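Text of query.cif, listed as mmCIF, C-alpha atoms:
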```
data_upload
loop_
_atom_site.label_atom_id
_atom_site.label_comp_id
_atom_site.auth_asym_id
_atom_site.auth_seq_id
_atom_site.Cartn_x
_atom_site.Cartn_y
_atom_site.Cartn_z
CA MET W 1 -60.87 -17.09 70.36
CA ALA W 2 -60.13 -17.38 74.03
CA VAL W 3 -59.04 -14.09 75.56
CA GLU W 4 -57.65 -15.45 78.81
CA ARG W 5 -54.16 -16.92 78.92
CA GLY W 6 -53.38 -17.83 82.51
CA LYS W 7 -54.40 -14.72 84.43
CA VAL W 8 -54.14 -12.37 81.45
CA ILE W 9 -57.49 -11.06 80.24
CA GLY W 10 -57.95 -8.84 77.21
CA TYR W 11 -58.88 -8.72 73.54
CA LEU W 12 -56.36 -8.19 70.74
CA PRO W 13 -57.60 -6.52 67.52
CA GLN W 14 -58.73 -9.67 65.74
CA ASP W 15 -60.32 -11.31 68.80
CA ARG W 16 -64.11 -11.43 68.82
CA PRO W 17 -66.01 -11.32 72.16
CA PRO W 18 -69.39 -13.03 72.60
CA PHE W 19 -72.30 -11.07 71.12
CA GLY W 20 -73.63 -9.69 74.42
CA ALA W 21 -70.19 -8.54 75.51
CA MET W 22 -69.57 -7.03 72.08
CA VAL W 23 -72.72 -4.90 72.31
CA SER W 24 -72.00 -3.63 75.84
CA LEU W 25 -68.34 -2.94 75.05
CA GLY W 26 -69.40 -1.22 71.82
CA PHE W 27 -71.88 0.98 73.66
CA GLN W 28 -69.09 2.02 76.02
CA HIS W 29 -67.11 3.24 72.99
CA VAL W 30 -70.14 5.20 71.78
CA LEU W 31 -70.59 6.75 75.21
CA THR W 32 -66.92 7.78 75.16
CA MET W 33 -67.07 9.46 71.75
CA PHE W 34 -70.61 10.85 72.03
CA PRO W 35 -70.04 14.17 73.85
CA ALA W 36 -67.19 15.35 71.62
CA THR W 37 -68.80 14.29 68.34
CA VAL W 38 -72.15 15.86 69.22
CA LEU W 39 -70.49 19.04 70.48
CA CYS W 40 -68.43 19.27 67.30
CA ALA W 41 -71.62 19.00 65.23
CA ILE W 42 -73.36 21.65 67.33
CA LEU W 43 -70.44 24.10 67.15
CA THR W 44 -70.13 23.77 63.38
CA GLY W 45 -73.90 23.80 62.81
CA PHE W 46 -74.11 20.39 61.14
CA ASP W 47 -76.89 17.90 61.82
CA VAL W 48 -76.18 15.76 64.91
CA GLY W 49 -77.84 12.69 63.39
CA VAL W 50 -75.62 12.89 60.30
CA SER W 51 -72.53 13.33 62.48
CA LEU W 52 -73.35 10.23 64.53
CA PHE W 53 -74.15 8.17 61.42
CA ALA W 54 -70.95 9.30 59.65
CA SER W 55 -68.89 8.58 62.76
CA GLY W 56 -70.15 5.00 62.89
CA LEU W 57 -69.82 4.42 59.14
CA ALA W 58 -66.27 5.82 59.07
CA THR W 59 -65.28 3.51 61.93
CA ILE W 60 -66.72 0.43 60.21
CA VAL W 61 -65.01 1.38 56.91
CA ALA W 62 -61.70 1.78 58.78
CA VAL W 63 -62.10 -1.63 60.44
CA LEU W 64 -62.84 -3.27 57.08
CA GLY W 65 -60.13 -1.29 55.29
CA SER W 66 -57.49 -2.44 57.76
CA ARG W 67 -58.81 -6.03 57.65
CA GLY W 68 -59.45 -5.83 61.37
CA ARG W 69 -55.88 -4.86 62.26
CA ILE W 70 -56.20 -1.22 63.37
CA PRO W 71 -58.51 -0.54 66.36
CA LEU W 72 -59.39 3.16 66.17
CA TYR W 73 -62.72 4.95 66.59
CA TYR W 74 -63.58 7.97 64.41
CA GLY W 75 -65.50 11.04 65.52
CA GLY W 76 -65.73 14.78 64.89
CA SER W 77 -62.46 16.73 65.11
CA PHE W 78 -62.12 19.92 67.13
CA ALA W 79 -59.06 20.91 65.08
CA TYR W 80 -61.35 21.86 62.19
CA ILE W 81 -63.98 23.83 64.10
CA ALA W 82 -62.45 27.28 63.53
CA PRO W 83 -61.89 27.02 59.74
CA VAL W 84 -65.17 25.17 59.14
CA THR W 85 -67.23 27.74 61.06
CA ALA W 86 -65.37 30.53 59.24
CA VAL W 87 -66.32 29.03 55.87
CA VAL W 88 -69.91 28.41 56.98
CA GLY W 89 -70.26 32.04 58.08
CA ALA W 90 -68.56 33.60 55.03
CA SER W 91 -70.65 35.42 52.42
CA TRP W 92 -69.36 32.98 49.78
CA GLY W 93 -69.65 29.94 52.05
CA GLY W 94 -72.22 27.81 53.83
CA HIS W 95 -72.35 24.25 55.08
CA ARG W 96 -72.36 22.59 51.66
CA VAL W 97 -69.37 24.70 50.61
CA ALA W 98 -67.53 23.76 53.81
CA GLN W 99 -68.13 20.10 52.95
CA VAL W 100 -65.97 20.58 49.84
CA GLY W 101 -63.07 21.51 52.13
CA VAL W 102 -63.78 18.48 54.30
CA VAL W 103 -63.60 16.17 51.26
CA ALA W 104 -60.34 17.88 50.21
CA THR W 105 -58.92 17.17 53.67
CA GLY W 106 -59.63 13.50 53.05
CA LEU W 107 -57.71 13.64 49.78
CA VAL W 108 -54.70 15.24 51.54
CA ASN W 109 -54.66 12.44 54.12
CA ILE W 110 -54.99 9.74 51.46
CA LEU W 111 -52.16 11.20 49.37
CA MET W 112 -49.93 11.45 52.44
CA GLY W 113 -50.75 7.88 53.39
CA LEU W 114 -49.92 6.59 49.90
CA LEU W 115 -46.68 8.60 49.90
CA ILE W 116 -45.68 7.11 53.24
CA GLN W 117 -46.51 3.59 52.04
CA ARG W 118 -44.21 4.18 49.07
CA ALA W 119 -41.41 5.90 51.02
CA GLY W 120 -41.51 3.52 53.98
CA LYS W 121 -42.04 3.94 57.69
CA ALA W 122 -38.32 4.43 58.38
CA ARG W 123 -38.32 7.72 56.47
CA LEU W 124 -41.49 8.84 58.23
CA ASP W 125 -39.86 8.13 61.58
CA ARG W 126 -37.08 10.55 60.67
CA ILE W 127 -39.65 13.29 60.08
CA LEU W 128 -41.99 12.26 62.91
CA PRO W 129 -39.75 10.73 65.59
CA PRO W 130 -41.19 9.68 68.97
CA SER W 131 -40.03 12.98 70.48
CA VAL W 132 -42.53 14.70 68.17
CA THR W 133 -45.42 12.22 68.26
CA GLY W 134 -45.06 11.64 72.01
CA ALA W 135 -45.00 15.35 72.80
CA VAL W 136 -47.97 15.99 70.49
CA ALA W 137 -49.92 13.26 72.29
CA ILE W 138 -49.13 14.88 75.65
CA VAL W 139 -50.33 18.24 74.34
CA ILE W 140 -53.54 16.74 72.93
CA GLY W 141 -54.44 15.25 76.31
CA ILE W 142 -53.31 18.04 78.62
CA ALA W 143 -54.65 20.82 76.39
CA LEU W 144 -58.10 19.39 77.09
CA ALA W 145 -57.60 19.72 80.85
CA LYS W 146 -59.43 23.06 81.07
CA THR W 147 -62.34 21.66 79.05
CA ALA W 148 -62.65 18.67 81.40
CA MET W 149 -62.45 20.90 84.49
CA ASP W 150 -65.04 23.33 83.12
CA MET W 151 -67.40 20.42 82.52
CA ALA W 152 -66.78 18.99 85.99
CA ALA W 153 -67.15 22.37 87.67
CA GLN W 154 -70.87 22.45 86.91
CA ASN W 155 -71.34 20.04 89.81
CA TRP W 156 -68.14 19.12 91.61
CA ALA W 157 -69.74 16.60 93.96
CA ILE W 158 -71.24 14.38 91.27
CA SER W 159 -68.41 14.81 88.76
CA LEU W 160 -65.74 13.86 91.32
CA THR W 161 -67.86 10.94 92.51
CA THR W 162 -68.11 9.77 88.90
CA LEU W 163 -64.35 10.19 88.48
CA VAL W 164 -63.43 8.26 91.64
CA LEU W 165 -65.88 5.43 90.91
CA THR W 166 -64.61 5.09 87.33
CA ILE W 167 -61.01 4.92 88.51
CA LEU W 168 -61.87 2.37 91.21
CA PHE W 169 -63.76 0.25 88.67
CA SER W 170 -60.81 0.41 86.25
CA VAL W 171 -58.31 -0.67 88.93
CA TYR W 172 -60.20 -3.17 91.06
CA LEU W 173 -62.41 -4.81 88.43
CA ARG W 174 -59.52 -5.49 86.05
CA GLY W 175 -59.22 -9.18 85.35
CA ARG W 176 -62.80 -9.87 86.44
CA GLY W 177 -64.24 -10.75 83.06
CA LEU W 178 -66.63 -8.46 81.18
CA LEU W 179 -67.24 -6.14 84.16
CA GLY W 180 -63.53 -5.40 84.26
CA MET W 181 -63.77 -4.06 80.70
CA LEU W 182 -66.66 -1.68 81.40
CA PRO W 183 -65.27 0.81 83.94
CA VAL W 184 -66.26 3.91 81.96
CA LEU W 185 -69.77 2.62 81.28
CA LEU W 186 -70.19 1.63 84.94
CA GLY W 187 -68.82 4.96 86.16
CA ALA W 188 -71.09 6.88 83.79
CA ALA W 189 -74.11 4.79 84.87
CA CYS W 190 -73.42 5.49 88.55
CA GLY W 191 -72.92 9.20 87.92
CA TYR W 192 -76.07 9.35 85.81
CA ALA W 193 -78.10 7.53 88.48
CA ILE W 194 -76.90 9.93 91.18
CA ALA W 195 -77.67 12.91 88.95
CA ALA W 196 -81.17 11.56 88.20
CA LEU W 197 -81.94 10.84 91.85
CA THR W 198 -80.88 14.36 92.86
CA GLY W 199 -83.02 15.99 90.16
CA HIS W 200 -80.23 16.99 87.77
CA VAL W 201 -81.50 15.10 84.71
CA ASP W 202 -84.10 16.62 82.37
CA PHE W 203 -86.01 13.81 80.64
CA SER W 204 -88.18 16.15 78.56
CA PRO W 205 -86.00 15.79 75.42
CA VAL W 206 -86.66 12.03 75.52
CA ARG W 207 -90.43 12.52 75.85
CA GLU W 208 -90.51 15.11 73.08
CA ALA W 209 -88.31 13.23 70.62
CA SER W 210 -89.89 11.05 67.96
CA TRP W 211 -88.82 7.43 67.82
CA PHE W 212 -87.30 7.72 64.37
CA ALA W 213 -86.00 10.61 62.29
CA LEU W 214 -84.06 10.67 59.03
CA PRO W 215 -80.72 12.48 59.40
CA LYS W 216 -80.38 15.57 57.19
CA PHE W 217 -77.91 14.20 54.66
CA GLN W 218 -76.65 16.66 52.05
CA LEU W 219 -74.05 16.57 49.28
CA PRO W 220 -71.18 19.08 49.07
CA ALA W 221 -71.50 22.00 46.66
CA PHE W 222 -68.50 21.27 44.43
CA GLY W 223 -69.62 23.80 41.84
CA ALA W 224 -70.11 26.71 44.25
CA PRO W 225 -68.02 29.87 43.65
CA GLY W 226 -66.39 29.56 47.09
CA ALA W 227 -65.45 25.88 46.80
CA TRP W 228 -61.74 26.50 46.19
CA GLN W 229 -61.62 29.01 49.02
CA ALA W 230 -63.09 26.37 51.32
CA VAL W 231 -60.40 23.91 50.22
CA LEU W 232 -57.63 26.42 50.97
CA ALA W 233 -59.15 27.28 54.36
CA ILE W 234 -59.85 23.78 55.65
CA ALA W 235 -57.55 21.23 53.98
CA PRO W 236 -54.23 22.58 55.43
CA ILE W 237 -55.42 21.67 58.96
CA ALA W 238 -54.48 18.10 58.03
CA ILE W 239 -50.94 19.22 59.00
CA ALA W 240 -52.18 18.99 62.61
CA THR W 241 -54.23 15.81 62.38
CA ILE W 242 -51.55 13.75 60.58
CA PRO W 243 -49.08 13.85 63.52
CA GLU W 244 -52.03 13.49 65.90
CA SER W 245 -53.22 10.36 64.11
CA THR W 246 -49.68 9.02 63.97
CA ALA W 247 -49.31 9.56 67.71
CA HIS W 248 -52.60 7.73 68.35
CA LEU W 249 -51.51 4.76 66.24
CA TYR W 250 -48.09 4.55 67.92
CA GLN W 251 -49.71 4.77 71.36
CA ILE W 252 -52.23 2.02 70.78
CA SER W 253 -49.61 -0.18 69.06
CA LEU W 254 -47.46 0.03 72.18
CA TYR W 255 -50.27 -1.19 74.44
CA ILE W 256 -51.42 -3.90 72.02
CA ASP W 257 -47.94 -5.39 71.77
CA ARG W 258 -47.60 -5.31 75.55
CA LEU W 259 -50.84 -7.29 75.91
CA ALA W 260 -49.76 -9.71 73.16
CA GLU W 261 -46.51 -10.34 75.02
CA GLU W 262 -48.40 -11.07 78.25
CA MET W 263 -50.69 -13.44 76.35
CA GLN W 264 -47.65 -15.15 74.79
CA ARG W 265 -48.77 -14.20 71.30
CA PRO W 266 -46.60 -12.56 68.59
CA PRO W 267 -46.47 -8.74 68.51
CA LEU W 268 -48.74 -7.12 65.93
CA ARG W 269 -46.69 -3.93 65.37
CA ILE W 270 -49.61 -2.02 63.92
CA LYS W 271 -47.48 1.13 64.09
CA ASP W 272 -45.95 -0.12 60.83
CA LEU W 273 -49.34 0.50 59.19
CA ILE W 274 -49.13 4.30 59.49
CA GLY W 275 -49.54 4.79 55.72
CA LEU W 276 -52.71 2.69 55.66
CA ASN W 277 -53.89 4.47 58.81
CA LEU W 278 -53.68 7.88 57.08
CA VAL W 279 -55.52 6.52 54.04
CA LEU W 280 -58.31 5.39 56.39
CA ASP W 281 -58.28 8.82 58.04
CA GLY W 282 -58.80 10.30 54.60
CA LEU W 283 -61.69 7.98 53.84
CA SER W 284 -63.26 9.07 57.15
CA ASP W 285 -63.10 12.72 56.11
CA MET W 286 -64.49 11.95 52.68
CA ILE W 287 -67.41 10.07 54.23
CA ASN W 288 -68.09 13.03 56.52
CA GLY W 289 -67.87 15.55 53.70
CA MET W 290 -70.06 13.59 51.33
CA LEU W 291 -72.80 12.93 53.92
CA GLY W 292 -72.93 16.39 55.46
CA THR W 293 -70.76 16.97 58.52
CA SER W 294 -67.38 18.34 59.59
CA SER W 295 -63.97 16.66 59.36
CA GLY W 296 -63.20 13.78 61.71
CA THR W 297 -60.26 12.08 63.34
CA ASN W 298 -59.55 8.95 65.31
CA TYR W 299 -60.22 9.55 68.99
CA GLY W 300 -57.63 9.60 71.74
CA GLU W 301 -60.47 9.23 74.27
CA ASN W 302 -61.35 5.85 72.81
CA ASN W 303 -57.67 4.92 72.76
CA SER W 304 -57.59 5.71 76.47
CA LEU W 305 -60.66 3.54 76.98
CA MET W 306 -58.96 0.63 75.21
CA ALA W 307 -55.76 1.05 77.22
CA ILE W 308 -57.75 1.10 80.47
CA THR W 309 -59.89 -1.93 79.61
CA ARG W 310 -57.29 -3.87 77.53
CA ASN W 311 -59.99 -4.37 74.91
CA TYR W 312 -58.61 -3.69 71.41
CA SER W 313 -61.10 -5.82 69.48
CA THR W 314 -61.98 -4.32 66.11
CA ALA W 315 -65.21 -6.36 66.15
CA VAL W 316 -66.22 -4.30 69.18
CA LEU W 317 -65.38 -1.11 67.28
CA ALA W 318 -67.53 -2.28 64.37
CA ALA W 319 -70.36 -2.89 66.85
CA ALA W 320 -69.83 0.62 68.22
CA GLY W 321 -70.02 1.97 64.68
CA ALA W 322 -73.31 0.15 64.08
CA ILE W 323 -74.72 1.55 67.34
CA ALA W 324 -73.64 5.09 66.38
CA MET W 325 -75.28 4.73 62.96
CA ALA W 326 -78.49 3.53 64.62
CA LEU W 327 -78.38 6.52 67.00
CA GLY W 328 -78.46 8.76 63.95
CA PHE W 329 -81.96 7.40 63.19
CA LEU W 330 -83.26 6.50 66.69
CA SER W 331 -84.12 9.91 68.05
CA LYS W 332 -85.35 8.60 71.43
CA LEU W 333 -82.14 6.74 72.16
CA SER W 334 -80.00 9.61 70.95
CA ALA W 335 -82.01 11.99 73.13
CA LEU W 336 -81.59 9.69 76.14
CA VAL W 337 -77.80 9.65 75.75
CA SER W 338 -77.83 13.44 75.35
CA THR W 339 -79.52 13.80 78.77
CA ILE W 340 -76.32 12.68 80.51
CA PRO W 341 -75.33 15.83 82.42
CA VAL W 342 -72.18 17.63 81.32
CA PHE W 343 -70.66 17.28 84.78
CA VAL W 344 -70.98 13.48 84.64
CA THR W 345 -69.05 13.36 81.35
CA GLY W 346 -66.68 15.91 82.91
CA GLY W 347 -65.76 13.40 85.59
CA LEU W 348 -65.05 10.82 82.88
CA ALA W 349 -63.12 13.39 80.82
CA ILE W 350 -60.68 14.16 83.64
CA PHE W 351 -59.64 10.52 83.57
CA LEU W 352 -59.76 9.91 79.81
CA PHE W 353 -58.01 13.12 78.75
CA GLY W 354 -55.32 12.56 81.36
CA VAL W 355 -54.70 9.05 80.05
CA ILE W 356 -54.13 10.49 76.54
CA GLY W 357 -51.30 12.62 77.95
CA MET W 358 -49.87 9.72 79.94
CA GLN W 359 -49.87 7.56 76.80
CA GLY W 360 -47.64 10.18 75.16
CA ILE W 361 -45.17 9.81 78.03
CA ALA W 362 -45.39 6.01 77.79
CA LEU W 363 -44.66 6.23 74.04
CA MET W 364 -41.48 8.24 74.59
CA MET W 365 -40.39 5.88 77.37
CA SER W 366 -41.03 2.81 75.23
CA GLU W 367 -39.13 4.27 72.26
CA LYS W 368 -36.28 5.27 74.63
CA VAL W 369 -36.32 8.96 73.72
CA ASP W 370 -33.12 10.43 75.22
CA LEU W 371 -34.28 13.59 76.98
CA PHE W 372 -30.67 14.28 77.95
CA ASP W 373 -29.99 14.84 74.24
CA PRO W 374 -30.35 18.64 73.73
CA ARG W 375 -32.02 18.12 70.35
CA GLN W 376 -34.76 15.81 71.65
CA LEU W 377 -35.18 18.01 74.71
CA ALA W 378 -35.61 21.10 72.51
CA ILE W 379 -38.19 19.44 70.24
CA GLY W 380 -40.33 18.27 73.16
CA ALA W 381 -40.01 21.58 75.01
CA VAL W 382 -41.07 23.67 72.01
CA ILE W 383 -44.07 21.44 71.26
CA LEU W 384 -45.26 21.45 74.89
CA ILE W 385 -45.04 25.21 75.42
CA ILE W 386 -46.48 26.25 72.06
CA GLY W 387 -49.24 23.65 72.29
CA LEU W 388 -50.22 24.16 75.93
CA GLY W 389 -49.45 27.87 76.13
CA GLY W 390 -51.12 28.57 72.80
CA ASN W 391 -54.21 26.68 73.89
CA ALA W 392 -54.65 29.21 76.69
CA PHE W 393 -55.51 31.91 74.13
CA GLU W 394 -59.15 32.41 73.23
CA GLY W 395 -60.41 29.56 71.10
CA GLY W 396 -57.08 27.76 71.37
CA ASN W 397 -55.69 29.93 68.56
CA ILE W 398 -52.38 31.81 68.77
CA PRO W 399 -52.68 35.46 67.60
CA ILE W 400 -49.54 36.16 65.55
CA TRP W 401 -48.90 38.58 62.69
CA GLY W 402 -52.61 39.17 62.19
CA MET W 403 -53.38 35.44 61.96
CA GLN W 404 -55.08 32.99 64.31
CA LEU W 405 -53.01 29.78 64.32
CA PRO W 406 -54.48 26.62 65.94
CA ALA W 407 -52.24 25.89 68.92
CA ILE W 408 -51.90 22.12 68.57
CA ALA W 409 -51.35 22.30 64.80
CA THR W 410 -48.77 25.05 65.25
CA ALA W 411 -46.98 23.07 67.97
CA ALA W 412 -46.84 19.97 65.77
CA VAL W 413 -45.51 21.93 62.79
CA ALA W 414 -42.92 23.69 64.99
CA GLY W 415 -41.68 20.35 66.30
CA ILE W 416 -41.51 18.83 62.81
CA LEU W 417 -39.63 21.85 61.40
CA LEU W 418 -37.18 21.92 64.30
CA ASN W 419 -36.49 18.21 63.80
CA LEU W 420 -35.90 18.85 60.07
CA VAL W 421 -33.44 21.62 60.94
CA PHE W 422 -31.47 19.21 63.10
CA LEU W 423 -31.52 16.59 60.33
CA ALA W 424 -30.19 19.17 57.86
CA PHE W 425 -27.39 20.25 60.19
CA ASP W 426 -26.48 16.61 60.86
CA ARG W 427 -26.16 16.01 57.11
CA TRP W 428 -24.08 19.12 56.46
CA GLN W 429 -21.90 18.83 59.53
CA VAL W 430 -18.28 17.95 58.69
CA PRO W 431 -17.22 14.86 60.66
CA LYS W 432 -14.56 15.56 63.22
CA GLU W 433 -11.22 13.87 62.68
CA GLU W 434 -10.43 11.14 65.15
CA PRO W 435 -7.39 12.01 67.31
CA ALA W 436 -4.28 10.01 66.52
CA ALA W 437 -3.71 7.05 68.79
CA ILE W 438 -1.09 7.67 71.50
CA PRO W 439 1.57 4.93 71.54
CA ALA W 440 1.65 2.88 74.68
CA ALA W 441 4.49 3.63 77.07
CA GLY W 442 7.43 1.25 77.15
CA GLY W 443 9.16 -0.85 74.50
CA ASN W 444 7.94 -3.76 72.49
CA ASP W 445 6.79 -6.83 74.30
#
```
This entry written out as structure tokens:
Amino acid sequence: MAVERGKVIGYLPQDRPPFGAMVSLGFQHVLTMFPATVLCAILTGFDVGVSLFASGLATIVAVLGSRGRIPLYYGGSFAYIAPVTAVVGASWGGHRVAQVGVVATGLVNILMGLLIQRAGKARLDRILPPSVTGAVAIVIGIALAKTAMDMAAQNWAISLTTLVLTILFSVYLRGRGLLGMLPVLLGAACGYAIAALTGHVDFSPVREASWFALPKFQLPAFGAPGAWQAVLAIAPIAIATIPESTAHLYQISLYIDRLAEEMQRPPLRIKDLIGLNLVLDGLSDMINGMLGTSSGTNYGENNSLMAITRNYSTAVLAAAGAIAMALGFLSKLSALVSTIPVFVTGGLAIFLFGVIGMQGIALMMSEKVDLFDPRQLAIGAVILIIGLGGNAFEGGNIPIWGMQLPAIATAAVAGILLNLVFLAFDRWQVPKEEPAAIPAAGGND
């Protein structure tokens, strides 16, 4: 299908680019998700090859499960690192025991998705209004600011050069065909080339890696004595990822419908598919748990990439999934991607993480959230301070009453509960009587 209507260039979810463009655009998605997914695997001690393979498979399953309607990429979730590592390190735990908790997380998401499909989106919007999902999206993006800056700080000159070039590519190549849709890939390539020419790239991992290697797949230990403990430790974190996933879907729906309007095509309103989206999130976690890696989520970084490039094609996401699966077996290629210096990806992260936060603001603006309303103002304020302030504690966990609460999850729950309090008061509040009308002065006409 043609993607250019007048001067408008972009791909809607069910558009399919030419094969060459699909591969290059897909690789850009892989490049965007690669650092976080690999780091998540390293921090939790799971096999990197399995994590890459599961990431790609989960994305393809989500594309097929949504019949090409929902463009989201799946990768490893940082929200689960603390409970997963705790289970792995426990005397009753281990990686296969932790996988049981990951599978249980998938079941929680699926059940929530089915419940929402039955109850309807309108009821969900009362529990998760834009003031909650928008503020959570802002927190997700801005909470990663320190991570991006730490990465960039390893070499400010090259990271800032990468950042500026990527931004310039995204602004001044827009509307110029395929190149205009590859700003992150082009920025990363330039940063990588500069790093290599200045001696900052170590190619020894590529030389030492074999061409092919079988990922270390392993099944969860459902019968282990600590299996139920793993479920109780890991599955409740879905409370954080459900509003996060909802925010991601609402964000990308906003941008897709804007592009559809510019292309004079009907709006797709994929935000109405939130129940299906959570079911697909659950399938992603179940794939991860059954193959041998930590819980996943759909990636705000890839949402940012799509918003920047105006490329929402699910065919491209399926291509990215296939590339990620291949990386799980192609050790040389995986090793080559892993040689990209942290400061180069840091330059990209400053841009991509910032766009996540800006999308949260755009969501609230689009949904006309009234920030002069004290209730909406309170919900957003509480989420922002708990989420951002809590993330400043070690490990992003808030120490309270002897517990370590994940900051973003706690912020999301606080916002949801505060909104429910307001809903309860609104229901119980006795309506005020209307004042009696004052007769007009003077006699009858």
Here's a test: counting all atoms listed in the file, identify every protein, DNA and RNA residue with an atom at most 12 Å from (-40.5, 11.1, 71.6) in the file's coordinate frame, and state them as a PyMOL selection string.
chain W and resi 125-138+247+250-251+359-371+373+375-381+383-384+415-416+419
For Leu25 in chain W, list every protein, DNA or RNA residue within 12 Å, evaluated using all atoms listed in the file, and leave out those in the same chain fewer than 2 positions away; present the list as a tab-separated table (two decimals) with C-alpha atoms, in the frame of the given file.
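Dumped everything to part-v4.tsv:
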```
chain	number	residue	atom	x	y	z
W	11	TYR	CA	-58.88	-8.72	73.54
W	16	ARG	CA	-64.11	-11.43	68.82
W	17	PRO	CA	-66.01	-11.32	72.16
W	18	PRO	CA	-69.39	-13.03	72.60
W	19	PHE	CA	-72.30	-11.07	71.12
W	20	GLY	CA	-73.63	-9.69	74.42
W	21	ALA	CA	-70.19	-8.54	75.51
W	22	MET	CA	-69.57	-7.03	72.08
W	23	VAL	CA	-72.72	-4.90	72.31
W	27	PHE	CA	-71.88	0.98	73.66
W	28	GLN	CA	-69.09	2.02	76.02
W	29	HIS	CA	-67.11	3.24	72.99
W	30	VAL	CA	-70.14	5.20	71.78
W	31	LEU	CA	-70.59	6.75	75.21
W	32	THR	CA	-66.92	7.78	75.16
W	177	GLY	CA	-64.24	-10.75	83.06
W	178	LEU	CA	-66.63	-8.46	81.18
W	179	LEU	CA	-67.24	-6.14	84.16
W	180	GLY	CA	-63.53	-5.40	84.26
W	181	MET	CA	-63.77	-4.06	80.70
W	182	LEU	CA	-66.66	-1.68	81.40
W	183	PRO	CA	-65.27	0.81	83.94
W	184	VAL	CA	-66.26	3.91	81.96
W	185	LEU	CA	-69.77	2.62	81.28
W	186	LEU	CA	-70.19	1.63	84.94
W	302	ASN	CA	-61.35	5.85	72.81
W	305	LEU	CA	-60.66	3.54	76.98
W	306	MET	CA	-58.96	0.63	75.21
W	309	THR	CA	-59.89	-1.93	79.61
W	310	ARG	CA	-57.29	-3.87	77.53
W	311	ASN	CA	-59.99	-4.37	74.91
W	312	TYR	CA	-58.61	-3.69	71.41
W	313	SER	CA	-61.10	-5.82	69.48
W	314	THR	CA	-61.98	-4.32	66.11
W	315	ALA	CA	-65.21	-6.36	66.15
W	316	VAL	CA	-66.22	-4.30	69.18
W	317	LEU	CA	-65.38	-1.11	67.28
W	318	ALA	CA	-67.53	-2.28	64.37
W	319	ALA	CA	-70.36	-2.89	66.85
W	320	ALA	CA	-69.83	0.62	68.22
W	321	GLY	CA	-70.02	1.97	64.68
W	323	ILE	CA	-74.72	1.55	67.34
```
Nearest to Glu244 in chain W by atom-to-atom distance, counting all atoms listed in the file, from W:Val88, W:Val231, W:Leu259, W:Ala411:
W:Ala411
The PyMOL selection byres ((chain W and resi 205) around 10) - which residues does that actually catch in the file I just gave you? List them as a list in words.
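Selected by the PyMOL selection byres ((chain W and resi 205) around 10) in this file: Asp202, Phe203, Ser204, Val206, Arg207, Glu208, Ala209, Ser210, Ser331, Lys332, Ser334, Ala335, Leu336, Ser338 and Thr339 of chain W.
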So what does the PyMOL selection byres ((chain W and resi 245) around 9) actually pick up in this one, as a PyMOL selection string?
chain W and resi 240-244+246-250+274+277-278+281+297-300
Could you list the residues chosen by the PyMOL selection byres ((chain W and resi 292) around 7) in this structure as a list in words?
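Selected by the PyMOL selection byres ((chain W and resi 292) around 7) here: Val50, Gln99, Phe217, Gln218, Leu219, Asn288, Gly289, Met290, Leu291 and Thr293 of chain W.
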Nearest residue to Leu268 in chain W from the set W:Pro71, W:Val344, W:Ile167, W:Leu52 (distances using all atoms listed in the file):
W:Pro71
Ser294 in chain W proximity check over W:Gly10, W:Gly68, W:Gly75, W:Gly328, using all atoms listed in the file: winner is W:Gly75
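Atom pair CA of Gly113 in chain W / CA of Gly65 in chain W: separated by 13.3 Å.
Counting from CA of Ile70 in chain W, the distance to CA of Ala58 in chain W is 13.0 Å.
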W:Leu280, W:Ala152, W:Val8, W:Ile116: which is nearest Gly346 in chain W, counting all atoms listed in the file?
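Checking each candidate against Gly346 in chain W, we get W:Ala152 as the closest.
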For Val355 in chain W, which of W:Ala145, W:Val421, W:Met151, W:Ala233 is the closest residue, counting all atoms listed in the file?
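For Val355 in chain W, the nearest of the given residues is W:Ala145.
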If you measure from CA of Met325 in chain W to CA of Val337 in chain W, what distance in Å do you get, rounded to one decimal?
13.9 Å
What's the 8 Å shell around Glu301 in chain W, counting all atoms listed in the file, without same-chain residues fewer than 5 positions away, as number ranges by chain?
W: 32-33, 352-353, 356
From W:Ala195, W:Val100, W:Ile140, W:Ile256, residue lying nearest Gly223 in chain W [all atoms listed in the file]:
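When distances to Gly223 in chain W are compared using all atoms listed in the file, the smallest one comes from W:Val100.
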Subset file as an mmCIF file, in the first residue's frame: range 181-185 of chain W, N, CA and C atoms:
```
data_model
loop_
_atom_site.group_PDB
_atom_site.id
_atom_site.type_symbol
_atom_site.label_atom_id
_atom_site.label_comp_id
_atom_site.auth_asym_id
_atom_site.auth_seq_id
_atom_site.Cartn_x
_atom_site.Cartn_y
_atom_site.Cartn_z
ATOM 1 N N MET W 181 13.185 7.650 7.896
ATOM 2 C CA MET W 181 12.657 6.743 8.908
ATOM 3 C C MET W 181 13.759 6.004 9.657
ATOM 4 N N LEU W 182 15.000 6.362 9.400
ATOM 5 C CA LEU W 182 16.127 5.661 10.031
ATOM 6 C C LEU W 182 17.033 6.591 10.844
ATOM 7 N N PRO W 183 16.484 7.583 11.536
ATOM 8 C CA PRO W 183 17.372 8.516 12.240
ATOM 9 C C PRO W 183 18.172 7.868 13.361
ATOM 10 N N VAL W 184 17.561 6.935 14.095
ATOM 11 C CA VAL W 184 18.266 6.292 15.207
ATOM 12 C C VAL W 184 19.363 5.377 14.679
ATOM 13 N N LEU W 185 19.060 4.628 13.626
ATOM 14 C CA LEU W 185 20.071 3.753 13.031
ATOM 15 C C LEU W 185 21.227 4.581 12.461
#
```
